[in-house]
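File shown: query_7.txt (compact mmCIF, C-alpha atoms).
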# COMPACT_ATOMS: atom_id res chain seq x y z
CA MET A 945 -12.65 -23.01 -2.85
CA LYS A 946 -12.77 -19.36 -1.69
CA ARG A 947 -11.40 -20.38 1.71
CA ASN A 948 -8.55 -22.30 0.08
CA LEU A 949 -7.72 -19.30 -2.09
CA LEU A 950 -7.63 -17.04 0.97
CA LEU A 951 -5.34 -19.46 2.82
CA PHE A 952 -3.11 -19.69 -0.24
CA GLU A 953 -2.94 -15.90 -0.44
CA ILE A 954 -2.12 -15.58 3.27
CA ALA A 955 0.65 -18.20 2.91
CA LEU A 956 2.01 -16.46 -0.20
CA PHE A 957 1.83 -13.05 1.50
CA LEU A 958 3.86 -14.26 4.48
CA SER A 959 6.34 -16.38 2.53
CA VAL A 960 7.28 -13.74 -0.09
CA LEU A 961 7.85 -11.15 2.63
CA ALA A 962 9.92 -13.66 4.63
CA VAL A 963 12.05 -14.51 1.58
CA SER A 964 12.68 -10.84 0.77
CA LEU A 965 13.46 -10.20 4.45
CA TYR A 966 16.03 -13.01 4.44
CA MET A 967 17.61 -11.80 1.19
CA ILE A 968 17.83 -8.19 2.39
CA PHE A 969 19.30 -8.94 5.82
CA TYR A 970 21.46 -12.01 5.13
CA TYR A 971 22.20 -12.26 1.42
CA ALA A 972 22.73 -8.68 0.24
CA PRO A 973 26.05 -7.17 1.29
CA VAL A 974 26.34 -3.96 3.27
CA GLU A 975 27.09 -1.06 0.96
CA LYS A 976 30.48 0.60 1.55
CA GLN A 977 29.57 4.29 1.55
CA MET A 978 26.10 4.37 3.07
CA GLY A 979 26.40 1.36 5.34
CA ILE A 980 23.47 -0.72 6.50
CA VAL A 981 20.88 2.01 5.94
CA GLN A 982 21.24 1.50 2.17
CA LYS A 983 19.17 -1.67 2.62
CA ILE A 984 16.05 0.52 2.94
CA PHE A 985 16.38 0.81 -0.84
CA TYR A 986 15.24 -2.85 -1.22
CA PHE A 987 11.79 -2.07 0.10
CA HIS A 988 11.49 1.65 -0.60
CA VAL A 989 11.83 1.24 -4.39
CA PRO A 990 9.44 -1.77 -4.66
CA SER A 991 6.91 0.20 -2.57
CA ALA A 992 7.18 3.11 -5.01
CA TYR A 993 6.82 0.72 -7.95
CA SER A 994 3.70 -0.83 -6.36
CA MET A 995 2.29 2.66 -5.86
CA TYR A 996 2.77 3.39 -9.60
CA LEU A 997 1.27 0.01 -10.48
CA GLY A 998 -1.79 0.69 -8.33
CA TRP A 999 -2.39 4.11 -9.82
CA ILE A 1000 -1.88 2.88 -13.41
CA LEU A 1001 -4.34 0.04 -12.74
CA CYS A 1002 -6.78 2.57 -11.30
CA THR A 1003 -6.45 4.73 -14.42
CA VAL A 1004 -6.88 1.81 -16.85
CA SER A 1005 -9.93 0.57 -14.92
CA SER A 1006 -11.34 4.12 -14.89
CA VAL A 1007 -10.95 4.41 -18.67
CA LEU A 1008 -12.70 1.05 -19.08
CA TYR A 1009 -15.47 2.19 -16.72
CA ILE A 1010 -16.00 5.42 -18.67
CA THR A 1011 -16.12 3.59 -22.01
CA GLN A 1012 -17.92 0.36 -21.05
CA LYS A 1013 -19.97 1.42 -17.97
CA LYS A 1014 -19.41 -1.89 -16.23
CA GLU A 1015 -19.52 -1.91 -12.42
CA LYS A 1016 -16.59 -4.32 -12.08
CA PHE A 1017 -14.19 -1.75 -13.58
CA ASP A 1018 -15.35 0.86 -11.10
CA ILE A 1019 -14.77 -1.58 -8.23
CA MET A 1020 -11.31 -2.39 -9.61
CA ALA A 1021 -10.44 1.32 -9.92
CA LYS A 1022 -11.39 1.99 -6.31
CA SER A 1023 -9.63 -1.14 -5.01
CA SER A 1024 -6.37 -0.42 -6.81
CA ALA A 1025 -6.43 3.22 -5.65
CA ARG A 1026 -6.80 2.04 -2.04
CA VAL A 1027 -3.81 -0.29 -2.37
CA ALA A 1028 -1.82 2.42 -4.21
CA PHE A 1029 -2.46 4.70 -1.24
CA VAL A 1030 -1.16 2.08 1.23
CA PHE A 1031 2.08 1.83 -0.77
CA ALA A 1032 2.27 5.62 -1.14
CA VAL A 1033 2.18 5.92 2.65
CA LEU A 1034 5.01 3.35 2.86
CA VAL A 1035 7.06 5.35 0.34
CA MET A 1036 6.46 8.53 2.30
CA ILE A 1037 7.62 6.86 5.54
CA THR A 1038 10.61 4.81 4.34
CA GLY A 1039 11.99 7.59 2.09
CA PRO A 1040 12.42 10.18 4.88
CA LEU A 1041 13.93 7.50 7.16
CA TRP A 1042 16.61 6.87 4.53
CA GLY A 1043 16.97 10.61 3.89
CA ARG A 1044 17.67 11.25 7.58
CA LYS A 1045 20.79 9.15 7.28
CA ALA A 1046 21.82 10.13 3.74
CA TRP A 1047 21.04 13.86 3.74
CA GLY A 1048 20.84 14.62 7.44
CA SER A 1049 17.17 15.63 7.29
CA TYR A 1050 13.90 13.76 6.94
CA TRP A 1051 12.63 15.89 4.08
CA VAL A 1052 14.08 18.06 1.31
CA TRP A 1053 12.04 19.73 -1.43
CA ASP A 1054 13.70 17.64 -4.12
CA PRO A 1055 11.78 17.35 -7.46
CA ARG A 1056 11.22 13.60 -7.06
CA LEU A 1057 10.15 13.82 -3.43
CA THR A 1058 7.81 16.70 -4.18
CA SER A 1059 6.22 14.99 -7.19
CA ALA A 1060 5.83 11.72 -5.22
CA LEU A 1061 4.12 13.68 -2.44
CA LEU A 1062 1.86 15.22 -5.06
CA LEU A 1063 0.86 11.77 -6.33
CA THR A 1064 0.10 10.67 -2.75
CA LEU A 1065 -2.15 13.71 -2.32
CA ILE A 1066 -3.89 13.01 -5.67
CA ILE A 1067 -4.59 9.41 -4.60
CA ALA A 1068 -5.84 10.66 -1.21
CA SER A 1069 -8.16 13.18 -2.89
CA TYR A 1070 -9.44 10.45 -5.22
CA LEU A 1071 -10.29 8.25 -2.23
CA ILE A 1072 -11.95 11.13 -0.37
CA LEU A 1073 -14.04 11.82 -3.46
CA ARG A 1074 -14.98 8.13 -3.64
CA ALA A 1075 -16.30 8.22 -0.08
CA GLY A 1076 -19.61 9.54 -1.38
CA GLU A 1077 -20.12 7.17 -4.26
CA LYS A 1078 -23.89 6.89 -4.32
CA GLU A 1079 -24.18 9.12 -7.31
CA GLU A 1080 -23.15 8.04 -10.78
CA ALA A 1081 -21.66 11.48 -11.43
CA ILE A 1082 -19.12 11.05 -8.61
CA LYS A 1083 -18.00 7.72 -10.07
CA LYS A 1084 -17.46 9.37 -13.46
CA PHE A 1085 -15.77 12.44 -11.98
CA SER A 1086 -13.34 10.32 -9.95
CA ALA A 1087 -12.62 8.20 -13.04
CA VAL A 1088 -11.65 11.38 -14.91
CA LEU A 1089 -9.50 12.47 -11.94
CA ALA A 1090 -7.65 9.14 -12.10
CA VAL A 1091 -6.96 9.60 -15.82
CA ILE A 1092 -5.68 13.17 -15.35
CA GLY A 1093 -3.70 12.12 -12.27
CA LEU A 1094 -1.71 9.61 -14.33
CA ALA A 1095 0.28 12.50 -15.81
CA ILE A 1096 2.26 12.80 -12.55
CA ILE A 1097 3.88 9.34 -12.93
CA PRO A 1098 6.19 10.21 -15.88
CA ILE A 1099 7.01 13.50 -14.11
CA ILE A 1100 8.16 11.56 -11.01
CA HIS A 1101 10.17 9.21 -13.20
CA ILE A 1102 12.02 11.84 -15.24
CA SER A 1103 12.43 14.32 -12.38
CA VAL A 1104 15.71 12.66 -11.36
CA LEU A 1105 17.08 12.80 -14.90
CA LYS A 1106 15.88 16.26 -15.92
CA TRP A 1107 16.13 18.33 -12.75
CA ARG A 1108 19.18 18.12 -10.56
CA GLY A 1109 17.87 17.02 -7.22
CA GLN A 1110 19.33 15.08 -4.33
CA HIS A 1111 17.42 11.86 -4.98
CA PRO A 1112 19.79 9.13 -6.25
CA HIS A 1113 19.30 7.33 -9.55
CA LEU A 1114 20.73 3.85 -8.99
CA LEU A 1115 18.95 1.82 -11.63
CA LYS A 1116 21.33 2.53 -14.44
CA LYS A 1117 23.62 0.04 -16.17
CA GLY A 1118 26.26 -1.26 -13.75
CA GLY A 1119 24.63 0.62 -10.86
CA LEU A 1120 24.19 -2.43 -8.62
CA GLU A 1121 26.49 -5.26 -7.64
CA HIS A 1122 25.30 -8.79 -8.68
CA SER A 1123 24.03 -10.00 -5.26
CA MET A 1124 22.42 -6.59 -4.66
CA LEU A 1125 20.67 -6.83 -8.02
CA ILE A 1126 19.34 -10.32 -7.23
CA THR A 1127 18.03 -9.14 -3.84
CA PHE A 1128 16.43 -6.15 -5.52
CA VAL A 1129 14.72 -8.35 -8.15
CA VAL A 1130 13.45 -10.73 -5.43
CA SER A 1131 12.10 -7.76 -3.45
CA MET A 1132 10.37 -6.40 -6.54
CA ALA A 1133 8.76 -9.81 -7.19
CA ALA A 1134 7.71 -10.11 -3.53
CA PHE A 1135 6.10 -6.67 -3.51
CA THR A 1136 4.36 -7.37 -6.83
CA ALA A 1137 2.87 -10.55 -5.31
CA VAL A 1138 1.79 -8.64 -2.19
CA PHE A 1139 0.28 -5.93 -4.43
CA ILE A 1140 -1.75 -8.49 -6.42
CA ILE A 1141 -2.98 -10.20 -3.22
CA LEU A 1142 -4.03 -6.89 -1.66
CA VAL A 1143 -5.83 -5.70 -4.81
CA HIS A 1144 -7.63 -9.04 -5.10
CA GLN A 1145 -8.77 -9.02 -1.47
CA THR A 1146 -9.79 -5.35 -1.63
CA TYR A 1147 -11.75 -6.07 -4.81
CA LEU A 1148 -13.61 -8.95 -3.08
CA MET A 1149 -14.34 -6.71 -0.09
CA GLU A 1150 -15.70 -3.88 -2.27
CA LYS A 1151 -17.78 -6.31 -4.31
CA ARG A 1152 -19.34 -7.81 -1.18
CA ILE A 1153 -20.05 -4.40 0.34
CA ARG A 1154 -21.87 -3.32 -2.82
CA ALA A 1155 -23.80 -6.61 -2.98
CA LEU A 1156 -24.89 -6.12 0.64
CA LYS A 1157 -26.04 -2.54 -0.04
CA LEU A 1158 -27.99 -3.69 -3.09
CA LYS A 1159 -29.59 -6.55 -1.19
CA LYS A 1160 -30.64 -4.25 1.65
CA GLN A 1161 -32.13 -1.79 -0.84
CA ASN A 1162 -34.06 -4.59 -2.56
CA LEU A 1163 -35.34 -5.91 0.75
CA LEU A 1164 -36.50 -2.43 1.74
CA LEU A 1165 -38.24 -1.97 -1.61
CA ASN A 1166 -39.89 -5.38 -1.41
CA GLY A 1167 -40.97 -4.67 2.17
CA THR A 1168 -42.54 -1.37 1.12
CA ASN A 1169 -44.28 -3.01 -1.83
CA ASP A 1170 -45.64 -5.82 0.38
CA GLU A 1171 -47.03 -3.27 2.86
CA GLY A 1172 -48.59 -1.36 -0.03
CA HIS A 1173 -50.34 -4.51 -1.31
CA ASN A 1174 -51.65 -5.34 2.18
CA MET B 583 -10.49 -8.40 17.12
CA ILE B 584 -9.67 -6.13 14.18
CA LYS B 585 -9.59 -3.05 16.41
CA LYS B 586 -7.19 -4.78 18.81
CA LEU B 587 -4.86 -5.82 16.00
CA LEU B 588 -4.87 -2.36 14.48
CA PHE B 589 -4.29 -0.82 17.90
CA HIS B 590 -1.30 -3.12 18.52
CA ASN B 591 0.14 -2.19 15.14
CA LEU B 592 -0.24 1.50 15.85
CA VAL B 593 1.36 1.15 19.27
CA THR B 594 4.29 -0.73 17.69
CA LEU B 595 4.67 2.03 15.11
CA PHE B 596 4.60 4.72 17.80
CA PHE B 597 7.37 3.04 19.80
CA LEU B 598 9.43 2.46 16.66
CA PHE B 599 9.25 6.11 15.71
CA SER B 600 10.00 7.35 19.19
CA GLY B 601 12.94 4.92 19.17
CA ILE B 602 14.24 6.28 15.88
CA VAL B 603 13.91 9.90 16.91
CA ASN B 604 15.62 9.34 20.24
CA ALA B 605 18.17 6.75 19.13
CA GLU B 606 20.78 9.12 17.77
CA ASP B 607 20.79 11.49 20.76
CA VAL B 608 20.99 8.60 23.21
CA TYR B 609 23.89 6.96 21.43
CA VAL B 610 25.79 10.19 20.98
CA LYS B 611 25.71 10.58 24.75
CA ILE B 612 26.78 7.00 25.38
CA ASP B 613 29.38 6.41 22.69
CA PRO B 614 29.69 8.74 19.69
CA SER B 615 31.73 6.22 17.70
CA ARG B 616 28.76 3.83 17.64
CA LEU B 617 26.41 6.44 16.17
CA GLU B 618 26.99 5.43 12.55
CA SER B 619 26.18 1.73 12.87
CA VAL B 620 23.50 1.94 15.52
CA SER B 621 21.38 4.71 14.04
CA GLY B 622 21.62 3.08 10.60
CA LYS B 623 20.39 -0.22 12.00
CA TYR B 624 17.55 1.51 13.83
CA LEU B 625 16.45 3.32 10.70
CA MET B 626 16.55 0.20 8.57
CA ILE B 627 14.78 -2.05 11.06
CA ALA B 628 12.20 0.69 11.65
CA SER B 629 11.54 0.97 7.91
CA TYR B 630 10.98 -2.74 7.47
CA SER B 631 8.85 -2.90 10.62
CA VAL B 632 6.69 -0.05 9.33
CA ILE B 633 6.21 -1.93 6.06
CA LEU B 634 5.32 -5.22 7.76
CA CYS B 635 3.01 -3.50 10.29
CA LEU B 636 1.12 -1.46 7.71
CA LEU B 637 0.81 -4.21 5.10
CA SER B 638 -0.32 -6.82 7.63
CA ALA B 639 -2.73 -4.33 9.29
CA TYR B 640 -4.29 -3.48 5.92
CA PHE B 641 -4.48 -7.17 4.94
CA ILE B 642 -6.15 -8.15 8.24
CA TYR B 643 -8.53 -5.17 7.92
CA ILE B 644 -9.78 -6.02 4.41
CA VAL B 645 -10.08 -9.75 5.06
CA THR B 646 -12.03 -9.17 8.31
CA ILE B 647 -14.39 -6.62 6.73
CA SER B 648 -14.86 -8.90 3.74
CA LYS B 649 -15.74 -11.89 5.95
CA THR B 650 -18.13 -9.85 8.11
CA VAL B 651 -19.96 -8.53 5.03
CA GLN B 652 -20.15 -12.05 3.58
CA LYS B 653 -21.73 -13.29 6.82
CA LYS B 654 -24.32 -10.50 6.67
CA LEU B 655 -25.04 -11.36 3.05
CA ASP B 656 -25.55 -15.04 3.91
CA LEU B 657 -27.84 -14.07 6.79
CA LEU B 658 -29.96 -11.85 4.54
CA GLN B 659 -30.12 -14.59 1.93
CA LYS B 660 -31.24 -17.04 4.61
CA LYS B 661 -33.96 -14.66 5.82
CA GLN B 662 -35.11 -14.13 2.25
CA ASN B 663 -35.31 -17.87 1.64
CA GLU B 664 -37.32 -18.37 4.84
CA LYS B 665 -39.88 -15.79 3.67

Could you render the structure from this file as structure tokens?
Amino acid sequence: MKRNLLLFEIALFLSVLAVSLYMIFYYAPVEKQMGIVQKIFYFHVPSAYSMYLGWILCTVSSVLYITQKKEKFDIMAKSSARVAFVFAVLVMITGPLWGRKAWGSYWVWDPRLTSALLLTLIIASYLILRAGEKEEAIKKFSAVLAVIGLAIIPIIHISVLKWRGQHPHLLKKGGLEHSMLITFVVSMAAFTAVFIILVHQTYLMEKRIRALKLKKQNLLLNGTNDEGHN
Amino acid sequence: MIKKLLFHNLVTLFFLFSGIVNAEDVYVKIDPSRLESVSGKYLMIASYSVILCLLSAYFIYIVTISKTVQKKLDLLQKKQNEK
């Protein structure tokens, strides 16, 4: 059953990326002003959305862990933060590549770019903190960090509207042509599927690692007890 | 296995980036009129390659670690049962 699920997830992972690849390169038209480089938008935006999704999931799981003290929520928080970080790295790579063509430089200190970088650093610091997770206090502290760190997401979102930066705001009414919109929606769906698969597999990995640690500890304890009895 | 795959991914990424950085200068020297289309294509293909490389590398990494840990768990369980 588990093997079948893994095979299904691998097939889904490859097929959704292939479909989005086909739509981006063959279905979506080339934009007049920016040319072919505009197509980066179809995977840069879904990556950013997956990053948000990962961090929101991490925050929700952290709140549930603080209130209910169940281990599964802690595992989910850590797993979703890991996946959020992967997507954050993708955002930080694809964004500058687009910027090089659009603005003539890889990086500008635009409000949205700066706040997105800040979120990436918050996720990185969360994961560094989680590296030493033996103590209960660290788990709680990182859960609180995740909750506080959520505040950056609305700042990233409104930064384009409130502060005049260089980052474009395309997702307004009539902002995209019909075939571009369809390609964008397909890409968003593909990246959401990839996000779910990655979180699920990371969750399984974390769960198994913890089970192994626990089993080793129990074996050591039992071994010590047996020696004591002898 | 996992180390090899990750290494290959990293090497691919390195060449992609060096390609992107050098692409514009090279094409300016050869034919400045082609700069627009060629550098745009390079940037776009590089972006998608980075995404595919990183996502597949991460996926392979977690699945391999997960399977290795599961094997260790089964082995420990087997040892425990034998005792």

Review point. When the cut-off is 7 Å and we count only C-alpha atoms, which residues of chain B are near chain A, given as a list in words?
Key: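 Output check: Gly622, Lys623, Leu625, Met626, Ser629, Ile633, Phe641, Ile644, Val645, Ile647, Ser648, Val651, Gln652 and Leu655 of chain B.
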
Check your understanding: At what distance in Å, to one decimal, does CA of Ala1095 in chain A lie from CA of Trp1051 in chain A?
Key ->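 Atom-to-atom, CA of Trp1051 in chain A to CA of Ala1095 in chain A, that is 23.7 Å.
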
**Study point:** Close residues, Val1091 in chain A itself excluded, 9 Å, all atoms listed in the file, min 6 positions apart in chain, as a ChimeraX atom specification
**Key:** /A:1000,1002-1004,1006-1007

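As for CA of Ala1021 in chain A and CA of Ile1067 in chain A, they are spaced 11.3 Å apart.
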
Review point. Which value, in Å to one decimal, gives the distance between CA of Ser1103 in chain A and CA of Ser1024 in chain A?
Key: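 Those two atoms sit 24.5 Å apart.
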
Point to revise | Thr1136 in chain A surroundings by all atoms listed in the file, 9 Å radius, close-in-sequence under 2 positions cut, as a ChimeraX atom specification | key: /A:990,993-994,997,1131-1134,1138-1141

Point to revise | Surrounding residues of Glu1121 in chain A excluding itself and chain neighbours under 6 positions, 10 Å, only C-alpha atoms, as a list in words | key: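 Within the cut-off, the hits are Ala972, Pro973 and Glu975 of chain A.
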
Missing atoms in range 956-967 of chain A need filling: write out all heavy atoms for it as a JSON list (two decimals), keeping the file's coordinate frame.
[["chain", "number", "residue", "atom", "x", "y", "z"],
["A", 956, "LEU", "N", 1.14, -17.13, 0.79],
["A", 956, "LEU", "CA", 2.01, -16.46, -0.20],
["A", 956, "LEU", "C", 2.49, -15.11, 0.33],
["A", 956, "LEU", "O", 3.66, -14.75, 0.22],
["A", 956, "LEU", "CB", 1.24, -16.28, -1.51],
["A", 956, "LEU", "CG", 2.03, -15.77, -2.70],
["A", 956, "LEU", "CD1", 3.06, -16.81, -3.14],
["A", 956, "LEU", "CD2", 1.12, -15.44, -3.87],
["A", 957, "PHE", "N", 1.55, -14.37, 0.93],
["A", 957, "PHE", "CA", 1.83, -13.05, 1.50],
["A", 957, "PHE", "C", 2.97, -13.14, 2.51],
["A", 957, "PHE", "O", 3.94, -12.39, 2.45],
["A", 957, "PHE", "CB", 0.54, -12.53, 2.17],
["A", 957, "PHE", "CG", 0.64, -11.18, 2.81],
["A", 957, "PHE", "CD1", 0.40, -10.04, 2.07],
["A", 957, "PHE", "CD2", 0.95, -11.04, 4.15],
["A", 957, "PHE", "CE1", 0.48, -8.78, 2.65],
["A", 957, "PHE", "CE2", 1.02, -9.79, 4.74],
["A", 957, "PHE", "CZ", 0.79, -8.67, 3.99],
["A", 958, "LEU", "N", 2.84, -14.12, 3.43],
["A", 958, "LEU", "CA", 3.86, -14.26, 4.48],
["A", 958, "LEU", "C", 5.18, -14.78, 3.93],
["A", 958, "LEU", "O", 6.26, -14.29, 4.30],
["A", 958, "LEU", "CB", 3.35, -15.19, 5.59],
["A", 958, "LEU", "CG", 2.16, -14.68, 6.40],
["A", 958, "LEU", "CD1", 1.64, -15.74, 7.33],
["A", 958, "LEU", "CD2", 2.55, -13.43, 7.19],
["A", 959, "SER", "N", 5.10, -15.76, 3.01],
["A", 959, "SER", "CA", 6.34, -16.38, 2.53],
["A", 959, "SER", "C", 7.16, -15.42, 1.65],
["A", 959, "SER", "O", 8.38, -15.36, 1.79],
["A", 959, "SER", "CB", 6.06, -17.69, 1.80],
["A", 959, "SER", "OG", 5.14, -17.47, 0.79],
["A", 960, "VAL", "N", 6.50, -14.65, 0.76],
["A", 960, "VAL", "CA", 7.28, -13.74, -0.09],
["A", 960, "VAL", "C", 7.95, -12.64, 0.73],
["A", 960, "VAL", "O", 9.10, -12.27, 0.47],
["A", 960, "VAL", "CB", 6.46, -13.12, -1.25],
["A", 960, "VAL", "CG1", 6.09, -14.16, -2.28],
["A", 960, "VAL", "CG2", 5.26, -12.36, -0.77],
["A", 961, "LEU", "N", 7.24, -12.17, 1.77],
["A", 961, "LEU", "CA", 7.85, -11.15, 2.63],
["A", 961, "LEU", "C", 9.01, -11.73, 3.44],
["A", 961, "LEU", "O", 10.03, -11.08, 3.62],
["A", 961, "LEU", "CB", 6.80, -10.53, 3.56],
["A", 961, "LEU", "CG", 5.86, -9.51, 2.91],
["A", 961, "LEU", "CD1", 4.85, -9.00, 3.91],
["A", 961, "LEU", "CD2", 6.60, -8.33, 2.31],
["A", 962, "ALA", "N", 8.84, -13.01, 3.86],
["A", 962, "ALA", "CA", 9.92, -13.66, 4.63],
["A", 962, "ALA", "C", 11.15, -13.86, 3.75],
["A", 962, "ALA", "O", 12.28, -13.63, 4.19],
["A", 962, "ALA", "CB", 9.42, -14.99, 5.19],
["A", 963, "VAL", "N", 10.92, -14.29, 2.50],
["A", 963, "VAL", "CA", 12.05, -14.51, 1.58],
["A", 963, "VAL", "C", 12.79, -13.20, 1.33],
["A", 963, "VAL", "O", 14.03, -13.14, 1.40],
["A", 963, "VAL", "CB", 11.57, -15.14, 0.25],
["A", 963, "VAL", "CG1", 12.67, -15.13, -0.80],
["A", 963, "VAL", "CG2", 11.11, -16.57, 0.47],
["A", 964, "SER", "N", 12.03, -12.13, 1.05],
["A", 964, "SER", "CA", 12.68, -10.84, 0.77],
["A", 964, "SER", "C", 13.42, -10.34, 2.02],
["A", 964, "SER", "O", 14.52, -9.79, 1.92],
["A", 964, "SER", "CB", 11.68, -9.81, 0.27],
["A", 964, "SER", "OG", 10.87, -9.34, 1.30],
["A", 965, "LEU", "N", 12.82, -10.59, 3.19],
["A", 965, "LEU", "CA", 13.46, -10.20, 4.45],
["A", 965, "LEU", "C", 14.80, -10.91, 4.60],
["A", 965, "LEU", "O", 15.82, -10.29, 4.95],
["A", 965, "LEU", "CB", 12.52, -10.59, 5.61],
["A", 965, "LEU", "CG", 12.79, -10.01, 6.99],
["A", 965, "LEU", "CD1", 12.50, -8.54, 6.98],
["A", 965, "LEU", "CD2", 11.92, -10.69, 8.03],
["A", 966, "TYR", "N", 14.81, -12.22, 4.33],
["A", 966, "TYR", "CA", 16.03, -13.01, 4.44],
["A", 966, "TYR", "C", 17.10, -12.49, 3.46],
["A", 966, "TYR", "O", 18.26, -12.30, 3.83],
["A", 966, "TYR", "CB", 15.72, -14.49, 4.16],
["A", 966, "TYR", "CG", 16.98, -15.34, 4.12],
["A", 966, "TYR", "CD1", 17.58, -15.76, 5.30],
["A", 966, "TYR", "CD2", 17.57, -15.68, 2.90],
["A", 966, "TYR", "CE1", 18.75, -16.52, 5.27],
["A", 966, "TYR", "CE2", 18.73, -16.43, 2.86],
["A", 966, "TYR", "CZ", 19.32, -16.85, 4.05],
["A", 966, "TYR", "OH", 20.48, -17.57, 4.00],
["A", 967, "MET", "N", 16.66, -12.26, 2.22],
["A", 967, "MET", "CA", 17.61, -11.80, 1.19],
["A", 967, "MET", "C", 18.22, -10.44, 1.58],
["A", 967, "MET", "O", 19.42, -10.22, 1.42],
["A", 967, "MET", "CB", 16.91, -11.65, -0.17],
["A", 967, "MET", "CG", 16.37, -12.93, -0.76],
["A", 967, "MET", "SD", 17.63, -13.96, -1.50],
["A", 967, "MET", "CE", 17.96, -13.10, -3.01]]
